[in-house]
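Before any comments, here is the structure.
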Amino acid sequence: MDSGLVKEVCIENNRIYFETEEDGKTLAYQTGATRDDRLVDRLLNAKSPNPGGKISFSQIAPKENSPVLNFFLLWILPGLIFYFIWRQAGKSLQSRLGAGGNFMSFGSSGAKIYAESDIKATFADVAGQDEAKEMLKEIVDFLHNPARYAEIGASLPKGALLVGPPGTGKTLIARALAGEARVPFFAISGSEFVQMFVGMGAAKVRDLFKQAGEKAPCIIFIDEIDAIGKRRETGMGGNDEREQTLNQLLTEMDGFDGRKGVVILAATNRPESLDKALLRPGRFDRRVQMELPDLEGRKAILAVHLKKVKHEEAVDIGIVARATAGSSGAELANIVNEAALRAVRMERKAVTTADLEESVETVLAGAQKKNKILSSAEKKIVAYHEIGHALVAAMQTHSAPVHKITIIPRTSGALGYTLQVDSGERLLQTKEDLFNRIVTLTGGRSAEELMCGTVTTGASNDIEQATRLARAMVTRYGMSGKYDMMELETVSNPYLGGDSSLTCAPETVADVDAEVLQIIKAAHEKAKGIIAENKEVMHRAASFLMERETITGEEFMQIVREVGKPGAK
Ligand code: ADP
Ligand code: MG
Ligand code: ZN
């Protein structure tokens, strides 16, 4: 063009069209675009055969591939659209929820569901809680080997509910289970759902199960399930969002195949507040109880956590464990950490027993008030009361009457301690069985009277049960002698624990009471006799229990065999 032949240039897209005039003829050319920043300048300055000597040139703006336009179309426009939808949704939500409506995020469900796939925790990190671990081991085996179960057609329970006071290691053991089974772990907390707007929680649950289904075998863990699984209110004014989420959860649990290898765990401190629908067969029908640790348990937990910090060889775990009755695993972990911090403050290289003892005070000072911890006087009465039941039962059956007695206060238990009785209920019970059962029920109070010289409210549940049993003997089982086989009471629906109503004449009612009282009195006398004869067993077993907070049936029978007088029958 610099030769002065070019008449017209047109730049379009990546091509350049130009016309030249040679020897009076106009020729059209086409060429690929060259990156020449100075092209325009050169065109302006170039000579041309046109009138005026200028090349006429033009550029057609490309229709596509403009970076600015691309950016706009790809990012800004969708952004704007989303923003408007967001605003609209937000507004309508706000109007539904009132001013406090909290709009979370946008997306298919707004859910970021993370599966952890390489969990290091194992059951070894969970000290004590042997019964819980035992129950969960089967799930580990199932996850290792779902095919073997599928072959037989067996399906494990889909869900297990971890129940126990805060800080007893529910979250920990769920993770440890995933670690043991070496499967992905989908964790979500019930409280995360609380802030969502309607429909979001349900979508999240759907996402969760979908993702988990793709990753099977795996574990879904719903922590603090009570936040969504609270009993649904009957009638109006329920929480829409929570109910939708809960319903979706139920639907998903029912819908998936138990043999695929997805196990659902949930944890709660408040099992009694859960919707019954969650506990039905095929849902969370397996319950794993996590307990506050007893003396041995606390030692084990302290040991696990002490392993993680530098400490003196001679640290006395026993002293610390004894000083922390009623503490949870979380509190014990905290105590060890506080002790390590104290060691650093004191510019020492290792934790000492003194560090631990000091931190017991700091950590438990606040906790002590909120935890129900038995005073030593209460502990003594509770110990004798429970041993009283056990001894009376043992002397009548000549076998271990209890699986285990624990005097750890329980957050949920009304009396603050537990007695786990073997509930080997037989279908057919003789008059003697029933009477002996009443004797055992009066054993607790008898021990209070004879061993502690007092009576407490601790027997209220025993009284209720003993009375009910004695009354049934008289009114329903024909075991009083006086009334032969006459029915004095009907029960409307025995399977639902229905109401009972007396069917006898008003004059008989007072007499029935007298009969019932007689049975209970006789039972009480018998229990007192057994205890009076075995004070040595009582003392030994009760101090064992006070010291260790737990006594197994076996340990108890050991004492009975050593010093017991098996006279009573
Ligand atoms: P929960 O979920 O029952 O409230 P966590 O599992 O959150 O309790 O426990 C909190 C912490 O307490 C755990 O991370 C762990 O450090 C400690 N802990 C609780 N129980 C135990 C235990 N049995 N063994 C070892 N550490 C425990
Ligand atoms: Mg937890
Ligand atoms: Zn009792």
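If you're wondering about the labels, chains in the structure tokens are A, B, ... by order shown, residues count from 1 in each chain, ligands from 1 in order shown.
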Note to self: Taking only C-alpha atoms and all ligand atoms into account, list the residues no farther than 10 Å from ligand 1, as a VMD selection string.
What the structure shows: chain A and resid 123 to 130 162 to 176 223 to 224 267 to 269 290 to 293 297 to 305 328 to 334 336 to 337
Preceding selection exported with N, CA and C atoms as a compact mmCIF listing (two decimals), in the first residue's frame:
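To be explicit, this is the file written out as result.txt:
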# COMPACT_ATOMS: atom_id res chain seq x y z
N PHE A 123 -10.57 -46.08 67.35
CA PHE A 123 -11.15 -46.37 68.66
C PHE A 123 -10.12 -46.21 69.78
N ALA A 124 -8.84 -46.34 69.44
CA ALA A 124 -7.81 -46.19 70.47
C ALA A 124 -7.81 -44.78 71.05
N ASP A 125 -8.30 -43.81 70.29
CA ASP A 125 -8.35 -42.44 70.78
C ASP A 125 -9.53 -42.21 71.72
N VAL A 126 -10.44 -43.16 71.71
CA VAL A 126 -11.60 -43.05 72.59
C VAL A 126 -11.35 -43.95 73.79
N ALA A 127 -11.09 -43.33 74.92
CA ALA A 127 -10.81 -44.13 76.11
C ALA A 127 -12.11 -44.59 76.75
N GLY A 128 -12.08 -45.78 77.32
CA GLY A 128 -13.28 -46.30 77.96
C GLY A 128 -14.38 -46.52 76.93
N GLN A 129 -15.62 -46.32 77.33
CA GLN A 129 -16.78 -46.46 76.42
C GLN A 129 -16.75 -47.81 75.70
N ASP A 130 -16.37 -48.85 76.44
CA ASP A 130 -16.19 -50.15 75.80
C ASP A 130 -17.49 -50.69 75.21
N LEU A 162 -26.16 -42.07 68.83
CA LEU A 162 -25.23 -41.93 69.95
C LEU A 162 -25.87 -41.01 70.97
N VAL A 163 -26.05 -41.55 72.17
CA VAL A 163 -26.76 -40.79 73.19
C VAL A 163 -25.87 -40.62 74.40
N GLY A 164 -25.84 -39.44 74.96
CA GLY A 164 -25.06 -39.25 76.18
C GLY A 164 -24.85 -37.79 76.49
N PRO A 165 -24.45 -37.52 77.72
CA PRO A 165 -24.23 -36.13 78.13
C PRO A 165 -23.16 -35.46 77.28
N PRO A 166 -23.14 -34.14 77.26
CA PRO A 166 -22.14 -33.41 76.47
C PRO A 166 -20.72 -33.78 76.90
N GLY A 167 -19.85 -33.86 75.93
CA GLY A 167 -18.44 -34.08 76.23
C GLY A 167 -18.06 -35.51 76.52
N THR A 168 -18.96 -36.44 76.25
CA THR A 168 -18.62 -37.84 76.51
C THR A 168 -18.00 -38.51 75.30
N GLY A 169 -17.76 -37.76 74.25
CA GLY A 169 -17.03 -38.33 73.12
C GLY A 169 -17.90 -38.85 72.00
N LYS A 170 -19.12 -38.34 71.87
CA LYS A 170 -20.00 -38.83 70.80
C LYS A 170 -19.44 -38.46 69.43
N THR A 171 -19.08 -37.19 69.28
CA THR A 171 -18.51 -36.76 68.01
C THR A 171 -17.20 -37.51 67.75
N LEU A 172 -16.43 -37.63 68.81
CA LEU A 172 -15.14 -38.31 68.70
C LEU A 172 -15.30 -39.76 68.22
N ILE A 173 -16.24 -40.47 68.81
CA ILE A 173 -16.37 -41.89 68.48
C ILE A 173 -16.94 -42.07 67.07
N ALA A 174 -17.76 -41.11 66.64
CA ALA A 174 -18.29 -41.20 65.28
C ALA A 174 -17.15 -41.07 64.26
N ARG A 175 -16.27 -40.11 64.52
CA ARG A 175 -15.11 -39.95 63.64
C ARG A 175 -14.20 -41.16 63.70
N ALA A 176 -14.04 -41.67 64.93
CA ALA A 176 -13.17 -42.83 65.10
C ALA A 176 -13.72 -44.03 64.33
N ASP A 223 -24.61 -34.58 63.63
CA ASP A 223 -24.36 -34.20 65.02
C ASP A 223 -25.51 -33.33 65.51
N GLU A 224 -25.75 -33.38 66.79
CA GLU A 224 -26.81 -32.56 67.41
C GLU A 224 -28.12 -32.68 66.63
N ALA A 267 -26.01 -37.99 66.73
CA ALA A 267 -25.67 -37.82 68.14
C ALA A 267 -26.60 -36.81 68.78
N THR A 268 -26.91 -37.05 70.04
CA THR A 268 -27.76 -36.11 70.77
C THR A 268 -27.53 -36.22 72.27
N ASN A 269 -27.68 -35.09 72.95
CA ASN A 269 -27.67 -35.09 74.41
C ASN A 269 -29.07 -35.27 74.96
N MET A 290 -23.52 -43.43 75.58
CA MET A 290 -22.21 -42.96 76.03
C MET A 290 -22.39 -42.44 77.45
N GLU A 291 -21.53 -42.91 78.37
CA GLU A 291 -21.70 -42.52 79.77
C GLU A 291 -20.56 -41.62 80.21
N LEU A 292 -20.85 -40.85 81.25
CA LEU A 292 -19.75 -40.13 81.90
C LEU A 292 -18.80 -41.18 82.46
N PRO A 293 -17.51 -40.93 82.40
CA PRO A 293 -16.56 -41.97 82.80
C PRO A 293 -16.50 -42.17 84.30
N GLY A 297 -12.38 -45.13 83.89
CA GLY A 297 -12.59 -44.44 82.62
C GLY A 297 -11.84 -43.11 82.60
N ARG A 298 -11.91 -42.40 83.72
CA ARG A 298 -11.23 -41.10 83.77
C ARG A 298 -9.73 -41.28 83.68
N LYS A 299 -9.22 -42.33 84.35
CA LYS A 299 -7.79 -42.59 84.25
C LYS A 299 -7.40 -42.83 82.80
N ALA A 300 -8.20 -43.62 82.13
CA ALA A 300 -7.88 -43.97 80.73
C ALA A 300 -7.92 -42.72 79.84
N ILE A 301 -8.92 -41.86 80.07
CA ILE A 301 -9.02 -40.66 79.24
C ILE A 301 -7.84 -39.73 79.50
N LEU A 302 -7.49 -39.57 80.78
CA LEU A 302 -6.33 -38.73 81.11
C LEU A 302 -5.08 -39.29 80.44
N ALA A 303 -4.95 -40.61 80.46
CA ALA A 303 -3.76 -41.23 79.85
C ALA A 303 -3.70 -40.93 78.35
N VAL A 304 -4.86 -41.07 77.68
CA VAL A 304 -4.89 -40.79 76.23
C VAL A 304 -4.43 -39.37 75.94
N HIS A 305 -4.91 -38.44 76.75
CA HIS A 305 -4.57 -37.04 76.45
C HIS A 305 -3.17 -36.67 76.94
N SER A 328 -16.64 -34.91 82.45
CA SER A 328 -16.75 -35.56 81.15
C SER A 328 -15.37 -35.69 80.52
N GLY A 329 -15.29 -36.46 79.47
CA GLY A 329 -14.05 -36.61 78.73
C GLY A 329 -13.53 -35.28 78.21
N ALA A 330 -14.47 -34.44 77.78
CA ALA A 330 -14.07 -33.13 77.26
C ALA A 330 -13.41 -32.31 78.35
N GLU A 331 -13.97 -32.37 79.55
CA GLU A 331 -13.38 -31.62 80.66
C GLU A 331 -12.00 -32.17 81.01
N LEU A 332 -11.86 -33.47 80.96
CA LEU A 332 -10.56 -34.07 81.29
C LEU A 332 -9.52 -33.68 80.24
N ALA A 333 -9.93 -33.69 78.97
CA ALA A 333 -9.01 -33.27 77.90
C ALA A 333 -8.58 -31.83 78.14
N ASN A 334 -9.55 -31.04 78.56
CA ASN A 334 -9.29 -29.64 78.85
C ASN A 334 -8.32 -29.47 80.02
N VAL A 336 -5.96 -31.54 80.96
CA VAL A 336 -4.60 -31.86 80.51
C VAL A 336 -4.02 -30.69 79.73
N ASN A 337 -4.83 -30.09 78.89
CA ASN A 337 -4.34 -28.96 78.11
C ASN A 337 -3.99 -27.77 79.00
Per residue of chain A within 9 Å of ligand 3, record the nearest atom pair and its distance in Å to one decimal, counting only C-alpha atoms and all ligand atoms, with rows in chain order and ascending residue number, as CSV.
residue,atom,partner,partner_atom_place_in_ligand_line,distance
A:Val382,CA,ligand 3,1 (Zn),8.6
A:His385,CA,ligand 3,1 (Zn),6.2
A:Glu386,CA,ligand 3,1 (Zn),6.1
A:Gly388,CA,ligand 3,1 (Zn),8.3
A:His389,CA,ligand 3,1 (Zn),6.6
A:Leu419,CA,ligand 3,1 (Zn),8.2
A:Thr440,CA,ligand 3,1 (Zn),8.8
A:Leu441,CA,ligand 3,1 (Zn),6.4
A:Thr442,CA,ligand 3,1 (Zn),7.4
A:Gly443,CA,ligand 3,1 (Zn),7.3
A:Gly444,CA,ligand 3,1 (Zn),4.6
A:Arg445,CA,ligand 3,1 (Zn),6.8
A:Gly458,CA,ligand 3,1 (Zn),6.3
A:Ala459,CA,ligand 3,1 (Zn),4.9
A:Ser460,CA,ligand 3,1 (Zn),7.7
A:Asn461,CA,ligand 3,1 (Zn),6.8
A:Asp462,CA,ligand 3,1 (Zn),5.2
A:Ile463,CA,ligand 3,1 (Zn),8.4
Keeping C-alpha atoms for every residue in the selection just given, could you write it to a file as a PDB file, in the first residue's frame?
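Listed below is the output, again.pdb:
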ATOM      1  CA  VAL A 382     -26.546 -43.974  97.126  1.00  0.00           C
ATOM      2  CA  HIS A 385     -28.900 -48.139  98.619  1.00  0.00           C
ATOM      3  CA  GLU A 386     -27.773 -49.692  95.367  1.00  0.00           C
ATOM      4  CA  GLY A 388     -28.778 -53.104  99.160  1.00  0.00           C
ATOM      5  CA  HIS A 389     -30.796 -53.921  96.027  1.00  0.00           C
ATOM      6  CA  LEU A 419     -28.514 -49.194  88.363  1.00  0.00           C
ATOM      7  CA  THR A 440     -35.365 -56.675  95.943  1.00  0.00           C
ATOM      8  CA  LEU A 441     -37.162 -53.392  95.317  1.00  0.00           C
ATOM      9  CA  THR A 442     -37.373 -52.766  99.057  1.00  0.00           C
ATOM     10  CA  GLY A 443     -33.679 -53.653  99.467  1.00  0.00           C
ATOM     11  CA  GLY A 444     -32.516 -50.134  98.673  1.00  0.00           C
ATOM     12  CA  ARG A 445     -34.573 -48.452 101.351  1.00  0.00           C
ATOM     13  CA  GLY A 458     -34.061 -42.095  96.496  1.00  0.00           C
ATOM     14  CA  ALA A 459     -36.539 -44.899  97.000  1.00  0.00           C
ATOM     15  CA  SER A 460     -39.491 -43.203  95.327  1.00  0.00           C
ATOM     16  CA  ASN A 461     -39.212 -45.148  92.119  1.00  0.00           C
ATOM     17  CA  ASP A 462     -38.788 -48.404  94.049  1.00  0.00           C
ATOM     18  CA  ILE A 463     -41.932 -47.646  96.024  1.00  0.00           C
TER      19      ILE A 463
END
Note to self: So, with only C-alpha atoms as the atoms that count, which of A:Gly553, A:Pro281, A:Gly564, A:Pro401 lies closest to Glu536 in chain A?
What the structure shows: A:Gly564
Margin query: Taking 6 positions as the minimum chain separation for residues in the same chain, which residues sit within 10 Å of Asp257 in chain A when counting only C-alpha atoms? Answer as a ChimeraX atom specification.
Written below: /A:155,158,213
Could you write those residues out with C-alpha atoms, as an mmCIF file, in the first residue's frame?
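Just written: part09.cif:
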data_model
loop_
_atom_site.group_PDB
_atom_site.id
_atom_site.type_symbol
_atom_site.label_atom_id
_atom_site.label_comp_id
_atom_site.auth_asym_id
_atom_site.auth_seq_id
_atom_site.Cartn_x
_atom_site.Cartn_y
_atom_site.Cartn_z
ATOM 1 C CA SER A 155 -28.848 -55.492 56.205
ATOM 2 C CA LYS A 158 -29.333 -48.105 58.846
ATOM 3 C CA GLY A 213 -24.777 -42.737 47.928
#
Notebook entry, point to check: So which residues touch range 499-504 of chain A within 7 Å, counting only C-alpha atoms, skipping near sequence neighbours fewer than 6 positions away, as a PyMOL selection string?
Noted result: chain A and resi 488-492
Can you write just those residues out, C-alpha atoms, as an mmCIF file, in the first residue's frame?
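Produced file selection.cif, reproduced below:
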data_model
loop_
_atom_site.group_PDB
_atom_site.id
_atom_site.type_symbol
_atom_site.label_atom_id
_atom_site.label_comp_id
_atom_site.auth_asym_id
_atom_site.auth_seq_id
_atom_site.Cartn_x
_atom_site.Cartn_y
_atom_site.Cartn_z
ATOM 1 C CA LEU A 488 -60.519 -57.145 90.879
ATOM 2 C CA GLU A 489 -59.090 -54.916 88.225
ATOM 3 C CA THR A 490 -59.074 -54.725 84.426
ATOM 4 C CA VAL A 491 -56.460 -53.168 82.259
ATOM 5 C CA SER A 492 -57.827 -51.502 79.156
#
Checklist line | Long-range neighbours of Gln558 in chain A as a ChimeraX atom specification, 12 Å cut-off, only C-alpha atoms, 2 positions minimum in chain | finding: /A:391,394,399-400,537,540-541,544,551-556,560-564
Take the residues that were just selected and, keeping C-alpha atoms, output them as a short mmCIF file (atom, residue, chain, number, x, y, z; two decimals), in the first residue's frame.
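Result file result_37.cif:
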data_model
loop_
_atom_site.label_atom_id
_atom_site.label_comp_id
_atom_site.auth_asym_id
_atom_site.auth_seq_id
_atom_site.Cartn_x
_atom_site.Cartn_y
_atom_site.Cartn_z
CA LEU A 391 -27.37 -57.97 97.83
CA ALA A 394 -28.22 -62.01 94.97
CA SER A 399 -26.55 -65.44 90.99
CA ALA A 400 -25.18 -62.12 89.83
CA VAL A 537 -20.89 -57.62 102.41
CA ARG A 540 -17.21 -54.04 101.57
CA ALA A 541 -19.22 -53.68 98.43
CA PHE A 544 -15.71 -50.62 96.65
CA ILE A 551 -18.92 -52.35 90.45
CA THR A 552 -19.63 -55.15 88.04
CA GLY A 553 -21.86 -58.07 88.85
CA GLU A 554 -18.81 -60.29 88.93
CA GLU A 555 -16.89 -58.10 91.36
CA PHE A 556 -19.94 -57.93 93.55
CA VAL A 560 -20.60 -62.10 98.35
CA ARG A 561 -18.73 -65.38 97.97
CA GLU A 562 -16.00 -64.22 100.30
CA VAL A 563 -18.00 -62.83 103.20
CA GLY A 564 -21.65 -63.43 102.41
#
Item checked: All helix (DSSP H, G or I) positions in range 106-322 of chain A, as a VMD selection string -> chain A and resid 123 to 125 130 to 144 146 to 152 170 to 181 190 to 194 200 to 215 226 to 229 240 to 255 271 to 273 276 to 279 295 to 306 317 to 322
Residues from last step as file, C-alpha atoms, as a tab-separated table (two decimals), in the first residue's frame:
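Final output, saved to again33.tsv:
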chain	number	residue	atom	x	y	z
A	123	PHE	CA	-11.15	-46.37	68.66
A	124	ALA	CA	-7.81	-46.19	70.47
A	125	ASP	CA	-8.35	-42.44	70.78
A	130	ASP	CA	-16.19	-50.15	75.80
A	131	GLU	CA	-19.84	-50.97	75.40
A	132	ALA	CA	-20.30	-48.27	72.80
A	133	LYS	CA	-17.26	-49.48	70.90
A	134	GLU	CA	-18.50	-53.03	71.05
A	135	MET	CA	-21.77	-52.04	69.43
A	136	LEU	CA	-20.04	-50.00	66.76
A	137	LYS	CA	-17.57	-52.74	65.86
A	138	GLU	CA	-20.20	-54.60	63.93
A	139	ILE	CA	-20.76	-51.50	61.83
A	140	VAL	CA	-17.03	-51.29	61.13
A	141	ASP	CA	-17.07	-54.87	59.96
A	142	PHE	CA	-20.07	-54.17	57.78
A	143	LEU	CA	-18.40	-51.19	56.16
A	144	HIS	CA	-15.24	-53.17	55.55
A	146	PRO	CA	-20.66	-54.89	52.76
A	147	ALA	CA	-20.62	-57.60	50.11
A	148	ARG	CA	-20.46	-60.35	52.68
A	149	TYR	CA	-23.58	-59.04	54.36
A	150	ALA	CA	-25.31	-58.49	51.05
A	151	GLU	CA	-24.60	-62.06	50.01
A	152	ILE	CA	-26.71	-63.42	52.82
A	170	LYS	CA	-20.00	-38.83	70.80
A	171	THR	CA	-18.51	-36.76	68.01
A	172	LEU	CA	-15.14	-38.31	68.70
A	173	ILE	CA	-16.37	-41.89	68.48
A	174	ALA	CA	-18.29	-41.20	65.28
A	175	ARG	CA	-15.11	-39.95	63.64
A	176	ALA	CA	-13.17	-42.83	65.10
A	177	LEU	CA	-15.68	-45.20	63.56
A	178	ALA	CA	-15.01	-43.72	60.13
A	179	GLY	CA	-11.29	-43.93	60.84
A	180	GLU	CA	-11.55	-47.57	61.85
A	181	ALA	CA	-13.63	-48.46	58.83
A	190	GLY	CA	-28.20	-30.22	63.13
A	191	SER	CA	-27.60	-26.68	64.28
A	192	GLU	CA	-26.46	-25.75	60.76
A	193	PHE	CA	-30.00	-26.19	59.59
A	194	VAL	CA	-31.50	-23.87	62.10
A	200	MET	CA	-32.91	-25.24	52.11
A	201	GLY	CA	-32.48	-27.79	54.86
A	202	ALA	CA	-34.43	-30.38	52.92
A	203	ALA	CA	-32.33	-29.72	49.83
A	204	LYS	CA	-29.20	-30.08	51.86
A	205	VAL	CA	-30.33	-33.40	53.27
A	206	ARG	CA	-31.10	-34.55	49.73
A	207	ASP	CA	-27.65	-33.48	48.57
A	208	LEU	CA	-26.05	-35.18	51.50
A	209	PHE	CA	-27.65	-38.52	50.81
A	210	LYS	CA	-26.99	-38.23	47.10
A	211	GLN	CA	-23.32	-37.56	47.61
A	212	ALA	CA	-23.05	-40.27	50.22
A	213	GLY	CA	-24.78	-42.74	47.93
A	214	GLU	CA	-22.11	-42.12	45.34
A	215	LYS	CA	-19.32	-42.64	47.83
A	226	ASP	CA	-32.15	-32.76	68.18
A	227	ALA	CA	-31.88	-29.39	66.42
A	228	ILE	CA	-33.84	-30.82	63.51
A	229	GLY	CA	-35.30	-33.94	65.06
A	240	ASP	CA	-41.76	-25.19	58.77
A	241	GLU	CA	-38.12	-25.40	57.96
A	242	ARG	CA	-37.28	-27.88	60.67
A	243	GLU	CA	-40.21	-30.07	59.81
A	244	GLN	CA	-39.37	-30.09	56.14
A	245	THR	CA	-35.80	-30.98	56.94
A	246	LEU	CA	-36.87	-33.72	59.31
A	247	ASN	CA	-39.36	-35.11	56.81
A	248	GLN	CA	-36.73	-35.13	54.12
A	249	LEU	CA	-34.37	-36.96	56.44
A	250	LEU	CA	-36.99	-39.57	57.18
A	251	THR	CA	-37.76	-39.96	53.50
A	252	GLU	CA	-34.11	-40.38	52.59
A	253	MET	CA	-33.55	-42.91	55.34
A	254	ASP	CA	-36.50	-44.96	54.24
A	255	GLY	CA	-35.59	-44.63	50.61
A	271	PRO	CA	-32.83	-38.31	73.19
A	272	GLU	CA	-36.12	-37.76	74.99
A	273	SER	CA	-36.81	-34.68	72.89
A	276	LYS	CA	-40.60	-40.67	67.74
A	277	ALA	CA	-40.58	-41.13	63.99
A	278	LEU	CA	-36.80	-40.99	64.04
A	279	LEU	CA	-36.59	-43.94	66.38
A	295	LEU	CA	-12.76	-43.72	87.96
A	296	GLU	CA	-11.09	-46.20	85.61
A	297	GLY	CA	-12.59	-44.44	82.62
A	298	ARG	CA	-11.23	-41.10	83.77
A	299	LYS	CA	-7.79	-42.59	84.25
A	300	ALA	CA	-7.88	-43.97	80.73
A	301	ILE	CA	-9.02	-40.66	79.24
A	302	LEU	CA	-6.33	-38.73	81.11
A	303	ALA	CA	-3.76	-41.23	79.85
A	304	VAL	CA	-4.89	-40.79	76.23
A	305	HIS	CA	-4.57	-37.04	76.45
A	306	LEU	CA	-1.36	-37.06	78.47
A	317	ILE	CA	-3.12	-39.99	87.14
A	318	GLY	CA	-4.96	-41.60	90.04
A	319	ILE	CA	-5.02	-38.41	92.12
A	320	VAL	CA	-6.42	-36.41	89.23
A	321	ALA	CA	-8.99	-39.07	88.35
A	322	ARG	CA	-10.20	-39.19	91.93
Leaving out range 528-532 of chain A and any residue of its chain fewer than 6 positions from it, which residues lie within 9 Å of it when counting only C-alpha atoms, given as an mmCIF file with N, CA, C and O atoms, in the first residue's frame?
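And here's selection_36.cif as it stands now:
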data_model
loop_
_atom_site.group_PDB
_atom_site.id
_atom_site.type_symbol
_atom_site.label_atom_id
_atom_site.label_comp_id
_atom_site.auth_asym_id
_atom_site.auth_seq_id
_atom_site.Cartn_x
_atom_site.Cartn_y
_atom_site.Cartn_z
ATOM 1 N N GLY A 388 -27.665 -52.444 98.482
ATOM 2 C CA GLY A 388 -28.778 -53.104 99.160
ATOM 3 C C GLY A 388 -29.639 -53.879 98.164
ATOM 4 O O GLY A 388 -29.929 -55.071 98.362
ATOM 5 N N LEU A 391 -27.571 -56.892 96.865
ATOM 6 C CA LEU A 391 -27.372 -57.972 97.831
ATOM 7 C C LEU A 391 -28.656 -58.780 98.013
ATOM 8 O O LEU A 391 -28.641 -60.013 97.986
ATOM 9 N N VAL A 392 -29.740 -58.080 98.176
ATOM 10 C CA VAL A 392 -31.007 -58.780 98.393
ATOM 11 C C VAL A 392 -31.336 -59.657 97.185
ATOM 12 O O VAL A 392 -31.753 -60.808 97.323
ATOM 13 N N MET A 395 -28.946 -62.748 97.143
ATOM 14 C CA MET A 395 -29.219 -63.749 98.164
ATOM 15 C C MET A 395 -30.470 -64.567 97.827
ATOM 16 O O MET A 395 -30.636 -65.671 98.298
ATOM 17 N N THR A 442 -37.428 -53.404 97.738
ATOM 18 C CA THR A 442 -37.373 -52.766 99.057
ATOM 19 C C THR A 442 -35.954 -52.805 99.634
ATOM 20 O O THR A 442 -35.686 -52.183 100.659
ATOM 21 N N GLY A 443 -35.053 -53.514 98.969
ATOM 22 C CA GLY A 443 -33.679 -53.653 99.467
ATOM 23 C C GLY A 443 -32.928 -52.335 99.570
ATOM 24 O O GLY A 443 -32.100 -52.154 100.463
ATOM 25 N N ARG A 445 -34.138 -49.186 100.169
ATOM 26 C CA ARG A 445 -34.573 -48.452 101.351
ATOM 27 C C ARG A 445 -34.102 -49.164 102.634
ATOM 28 O O ARG A 445 -33.647 -48.519 103.580
ATOM 29 N N SER A 446 -34.184 -50.490 102.633
ATOM 30 C CA SER A 446 -33.753 -51.251 103.817
ATOM 31 C C SER A 446 -32.297 -50.943 104.144
ATOM 32 O O SER A 446 -31.930 -50.802 105.314
ATOM 33 N N ALA A 447 -31.467 -50.843 103.104
ATOM 34 C CA ALA A 447 -30.057 -50.556 103.329
ATOM 35 C C ALA A 447 -29.868 -49.160 103.892
ATOM 36 O O ALA A 447 -29.065 -48.948 104.804
ATOM 37 N N GLU A 449 -31.920 -47.601 105.782
ATOM 38 C CA GLU A 449 -32.332 -47.644 107.186
ATOM 39 C C GLU A 449 -31.280 -48.293 108.073
ATOM 40 O O GLU A 449 -30.884 -47.750 109.099
ATOM 41 N N LEU A 450 -30.830 -49.484 107.648
ATOM 42 C CA LEU A 450 -29.950 -50.260 108.520
ATOM 43 C C LEU A 450 -28.502 -49.799 108.479
ATOM 44 O O LEU A 450 -27.800 -49.890 109.474
ATOM 45 N N MET A 451 -28.043 -49.339 107.336
ATOM 46 C CA MET A 451 -26.622 -49.018 107.200
ATOM 47 C C MET A 451 -26.339 -47.530 107.391
ATOM 48 O O MET A 451 -25.256 -47.157 107.792
ATOM 49 N N MET A 538 -22.243 -55.667 102.788
ATOM 50 C CA MET A 538 -22.692 -54.301 102.515
ATOM 51 C C MET A 538 -21.538 -53.307 102.602
ATOM 52 O O MET A 538 -21.335 -52.492 101.703
ATOM 53 N N LYS A 565 -23.336 -64.472 103.828
ATOM 54 C CA LYS A 565 -23.976 -65.588 104.554
ATOM 55 C C LYS A 565 -25.211 -65.987 103.766
ATOM 56 O O LYS A 565 -26.253 -65.353 103.871
ATOM 57 N N PRO A 566 -25.066 -67.035 102.990
ATOM 58 C CA PRO A 566 -26.163 -67.386 102.079
ATOM 59 C C PRO A 566 -27.315 -68.045 102.801
ATOM 60 O O PRO A 566 -27.919 -68.970 102.278
ATOM 61 N N GLY A 567 -27.653 -67.581 104.014
ATOM 62 C CA GLY A 567 -28.699 -68.209 104.791
ATOM 63 C C GLY A 567 -30.084 -67.963 104.207
ATOM 64 O O GLY A 567 -30.891 -68.879 104.063
ATOM 65 N N ALA A 568 -30.333 -66.727 103.824
ATOM 66 C CA ALA A 568 -31.679 -66.366 103.400
ATOM 67 C C ALA A 568 -32.077 -67.091 102.130
ATOM 68 O O ALA A 568 -31.274 -67.355 101.271
#
Next item on the list: From range 223-340 of chain A, collect each residue whose DSSP state is strand (DSSP E or B) and return the set as a list in words.
Entry: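 So, restricting range 223-340 of chain A to strand (DSSP E or B), we get Asp223, Lys230, Val262, Val263, Ile264, Leu265, Ala266, Ala267, Thr268, Leu274, Arg286, Arg287, Val288, Gln289 and His311 of chain A.
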Item checked: Among the residues A:Val402, A:Ala323, A:Val474, A:Ile559, the one that comes closest to Gln518 in chain A [using only C-alpha atoms] ->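 Of the candidates, the smallest distance to Gln518 in chain A is held by A:Val474.
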